[in-house]
Amino acid sequence: MWGARILFRCERPTGAFCLNILDGPLTVVLPKSAGLRLYSGWMRIWSAHPSLLDRRALIACWRESLLAQKVLRGLTRGYTNHPQLIRFRAHSQPVEAIGAYLHGLANEAHLRGYSFNRSLIAAERGKNLSSIPVTEGQLAYELSFLAHKVAGRDVDWEPILTERLAKFTQAGKPAVHPVFAVIPGEIEAWEKTKKF
């Protein structure tokens, strides 16, 4: 069990941490005083194009999007009210939309030589799926947040991120995941912004 990877965390009102372990349907509740350094991020389903995500962000996004798919299919009781799911729930075909999102991540993973298991995606690639709107402000915030995260954990990815962002700018295209369409607007109301 101690070699298992932590999928996500949630803080309970009692001050304990609830950990869901990837190696099985095991939930461990530990007091904060246990002194463990836990997974420090909350669920992030990036609006940014998958090619911009560093290795950690891409892999975490894959896992978290698979969890989101489970939630949208009604197969779990956890994370059902997570704000990152609002935009998928608002879509006329939420399971297909998250499936298309996952396929976009898997495509990028394939280009990098990673092996993401597409059989875990519940929906086939939808050809006539309508886009999910994402505001310019939300995308700008996420790109800034991603740059901040990359600067602190993967200095080798920083120049790659800068180069790839420049290519999107030169092409006059927004640096957004293909399932999204950029619309005018500020940061989304559901976003929990952080100062960085």
# chains A, B, ... in the order shown; residues from 1 in each chain; ligands from 1

call {"tool": "residues_around", "arguments": {"residues": "Lys192 in chain A", "least_positions_apart": "2", "cutoff": "12 Å", "atoms": "only C-alpha atoms", "output": "mmCIF file with N, CA and C atoms, in the first residue's frame"}}
result
data_model
loop_
_atom_site.group_PDB
_atom_site.id
_atom_site.type_symbol
_atom_site.label_atom_id
_atom_site.label_comp_id
_atom_site.auth_asym_id
_atom_site.auth_seq_id
_atom_site.Cartn_x
_atom_site.Cartn_y
_atom_site.Cartn_z
ATOM 1 N N GLY A 41 -2.083 19.447 -5.220
ATOM 2 C CA GLY A 41 -2.955 20.118 -6.158
ATOM 3 C C GLY A 41 -4.373 19.611 -6.115
ATOM 4 N N TRP A 42 -5.286 20.435 -6.549
ATOM 5 C CA TRP A 42 -6.678 20.031 -6.672
ATOM 6 C C TRP A 42 -6.912 19.645 -8.120
ATOM 7 N N MET A 43 -8.050 19.077 -8.393
ATOM 8 C CA MET A 43 -8.376 18.651 -9.753
ATOM 9 C C MET A 43 -8.214 19.830 -10.715
ATOM 10 N N ARG A 44 -7.502 19.596 -11.820
ATOM 11 C CA ARG A 44 -7.323 20.623 -12.842
ATOM 12 C C ARG A 44 -7.551 19.972 -14.190
ATOM 13 N N HIS A 82 -17.670 19.171 -7.970
ATOM 14 C CA HIS A 82 -16.421 19.874 -8.232
ATOM 15 C C HIS A 82 -16.632 20.935 -9.314
ATOM 16 N N PRO A 83 -16.167 22.177 -9.075
ATOM 17 C CA PRO A 83 -16.400 23.256 -10.038
ATOM 18 C C PRO A 83 -15.800 23.019 -11.422
ATOM 19 N N GLN A 84 -14.739 22.216 -11.523
ATOM 20 C CA GLN A 84 -14.142 21.945 -12.835
ATOM 21 C C GLN A 84 -15.108 21.188 -13.755
ATOM 22 N N GLN A 138 -10.292 33.079 -18.688
ATOM 23 C CA GLN A 138 -10.008 31.773 -18.093
ATOM 24 C C GLN A 138 -8.766 31.158 -18.724
ATOM 25 N N TYR A 141 -5.667 33.013 -17.594
ATOM 26 C CA TYR A 141 -5.322 32.659 -16.214
ATOM 27 C C TYR A 141 -4.647 31.288 -16.174
ATOM 28 N N GLU A 142 -5.217 30.315 -16.865
ATOM 29 C CA GLU A 142 -4.657 28.963 -16.845
ATOM 30 C C GLU A 142 -3.262 28.914 -17.465
ATOM 31 N N PHE A 145 -0.951 30.311 -14.928
ATOM 32 C CA PHE A 145 -0.813 29.350 -13.836
ATOM 33 C C PHE A 145 0.092 28.192 -14.260
ATOM 34 N N ILE A 187 -12.226 35.638 -16.132
ATOM 35 C CA ILE A 187 -12.005 34.321 -15.533
ATOM 36 C C ILE A 187 -13.369 33.774 -15.124
ATOM 37 N N GLU A 188 -13.581 32.486 -15.359
ATOM 38 C CA GLU A 188 -14.861 31.850 -15.049
ATOM 39 C C GLU A 188 -15.172 31.963 -13.555
ATOM 40 N N ALA A 189 -16.462 32.101 -13.231
ATOM 41 C CA ALA A 189 -16.897 32.254 -11.843
ATOM 42 C C ALA A 189 -16.547 31.031 -11.001
ATOM 43 N N TRP A 190 -16.474 29.853 -11.636
ATOM 44 C CA TRP A 190 -16.196 28.625 -10.879
ATOM 45 C C TRP A 190 -14.716 28.447 -10.543
ATOM 46 N N LYS A 194 -5.652 31.521 -7.620
ATOM 47 C CA LYS A 194 -4.556 31.552 -6.661
ATOM 48 C C LYS A 194 -3.627 32.688 -7.045
ATOM 49 N N LYS A 195 -3.010 33.278 -6.050
ATOM 50 C CA LYS A 195 -2.010 34.308 -6.325
ATOM 51 C C LYS A 195 -0.665 33.628 -6.516
#

call {"tool": "residues_around", "arguments": {"residues": "Arg55 in chain A", "least_positions_apart": "5", "cutoff": "12 Å", "atoms": "only C-alpha atoms", "output": "ChimeraX atom specification"}}
result
/A:50,60-62,105,108-109,112-114,146,149-150,153-158,160-161

call {"tool": "write_last_selection", "arguments": {"atoms": "N, CA and C atoms", "output": "short mmCIF file (atom, residue, chain, number, x, y, z; two decimals), in the first residue's frame"}}
result
data_model
loop_
_atom_site.label_atom_id
_atom_site.label_comp_id
_atom_site.auth_asym_id
_atom_site.auth_seq_id
_atom_site.Cartn_x
_atom_site.Cartn_y
_atom_site.Cartn_z
N PRO A 50 -3.24 20.47 -25.01
CA PRO A 50 -2.42 19.43 -24.36
C PRO A 50 -0.93 19.51 -24.70
N ALA A 60 -1.28 14.01 -14.82
CA ALA A 60 -2.27 14.33 -13.79
C ALA A 60 -3.62 14.68 -14.42
N CYS A 61 -3.58 15.41 -15.51
CA CYS A 61 -4.82 15.79 -16.19
C CYS A 61 -5.53 14.55 -16.73
N TRP A 62 -4.78 13.60 -17.25
CA TRP A 62 -5.36 12.33 -17.73
C TRP A 62 -6.09 11.63 -16.59
N LEU A 105 -6.07 14.43 -24.96
CA LEU A 105 -4.91 14.15 -24.09
C LEU A 105 -4.16 12.92 -24.57
N GLU A 108 -1.94 13.62 -27.59
CA GLU A 108 -0.67 14.26 -27.21
C GLU A 108 0.27 13.26 -26.55
N ALA A 109 -0.27 12.41 -25.70
CA ALA A 109 0.55 11.40 -25.04
C ALA A 109 1.20 10.48 -26.07
N ARG A 112 4.19 11.90 -27.69
CA ARG A 112 5.37 11.92 -26.81
C ARG A 112 5.88 10.52 -26.48
N GLY A 113 5.21 9.50 -26.99
CA GLY A 113 5.65 8.13 -26.72
C GLY A 113 5.10 7.55 -25.44
N TYR A 114 4.11 8.21 -24.84
CA TYR A 114 3.48 7.69 -23.63
C TYR A 114 2.38 6.73 -24.05
N LEU A 146 -0.10 27.71 -15.49
CA LEU A 146 0.74 26.64 -16.01
C LEU A 146 2.21 27.08 -16.07
N LYS A 149 3.61 27.02 -12.62
CA LYS A 149 3.85 25.66 -12.15
C LYS A 149 5.11 25.07 -12.81
N VAL A 150 5.23 25.27 -14.12
CA VAL A 150 6.37 24.73 -14.86
C VAL A 150 7.68 25.35 -14.36
N ARG A 153 8.87 23.52 -11.28
CA ARG A 153 9.08 22.07 -11.21
C ARG A 153 9.78 21.46 -12.42
N ASP A 154 9.84 22.17 -13.55
CA ASP A 154 10.42 21.55 -14.74
C ASP A 154 11.07 22.62 -15.62
N VAL A 155 12.27 23.03 -15.24
CA VAL A 155 12.97 24.10 -15.97
C VAL A 155 13.27 23.70 -17.41
N ASP A 156 13.38 22.41 -17.68
CA ASP A 156 13.62 21.96 -19.05
C ASP A 156 12.40 22.19 -19.94
N TRP A 157 11.21 22.21 -19.34
CA TRP A 157 9.99 22.40 -20.13
C TRP A 157 9.71 23.87 -20.41
N GLU A 158 10.27 24.77 -19.60
CA GLU A 158 10.01 26.21 -19.77
C GLU A 158 10.25 26.70 -21.20
N ILE A 160 10.33 25.01 -23.93
CA ILE A 160 9.40 24.31 -24.82
C ILE A 160 8.03 24.97 -24.75
N LEU A 161 7.58 25.27 -23.53
CA LEU A 161 6.29 25.95 -23.35
C LEU A 161 6.30 27.30 -24.05
#

call {"tool": "residues_around", "arguments": {"residues": "His177 in chain A", "least_positions_apart": "3", "cutoff": "8 Å", "atoms": "only C-alpha atoms", "output": "PyMOL selection string"}}
result
chain A and resi 46-50+101+104+180

call {"tool": "atom_distance", "arguments": {"atom1": "CA of Val176 in chain A", "atom2": "CA of Leu85 in chain A"}}
result
17.2 Å

call {"tool": "closest_residue", "arguments": {"among": "A:Ala140, A:Ser51, A:Leu58, A:Pro133", "to": "Phe88 in chain A", "atoms": "only C-alpha atoms"}}
result
A:Pro133

call {"tool": "atom_distance", "arguments": {"atom1": "CA of His91 in chain A", "atom2": "CA of Ile132 in chain A"}}
result
6.8 Å

call {"tool": "closest_residue", "arguments": {"among": "A:Leu53, A:Ile183, A:Val95, A:Ile45", "to": "Glu124 in chain A", "atoms": "only C-alpha atoms"}}
result
A:Val95

call {"tool": "atom_distance", "arguments": {"atom1": "CA of Thr76 in chain A", "atom2": "CA of Arg125 in chain A"}}
result
23.2 Å

call {"tool": "closest_residue", "arguments": {"among": "A:Asn128, A:Arg118, A:Phe196, A:Leu111", "to": "His148 in chain A", "atoms": "only C-alpha atoms"}}
result
A:Phe196

call {"tool": "closest_residue", "arguments": {"among": "A:Val179, A:Thr193, A:Ala68, A:Leu129", "to": "Ser144 in chain A", "atoms": "only C-alpha atoms"}}
result
A:Thr193

call {"tool": "closest_residue", "arguments": {"among": "A:Ile98, A:Gly74, A:Pro174, A:Ala57", "to": "Gly137 in chain A", "atoms": "only C-alpha atoms"}}
result
A:Pro174

call {"tool": "select_by_dssp", "arguments": {"residues": "range 10-189 of chain A", "states": "helix (DSSP H, G or I)", "output": "ChimeraX atom specification"}}
result
/A:32-34,50-52,55-72,83-89,94-111,118-120,136-153,158-171

call {"tool": "closest_residue", "arguments": {"among": "A:Ile59, A:Gly99, A:Glu186, A:Ile86", "to": "Phe116 in chain A", "atoms": "only C-alpha atoms"}}
result
A:Ile59
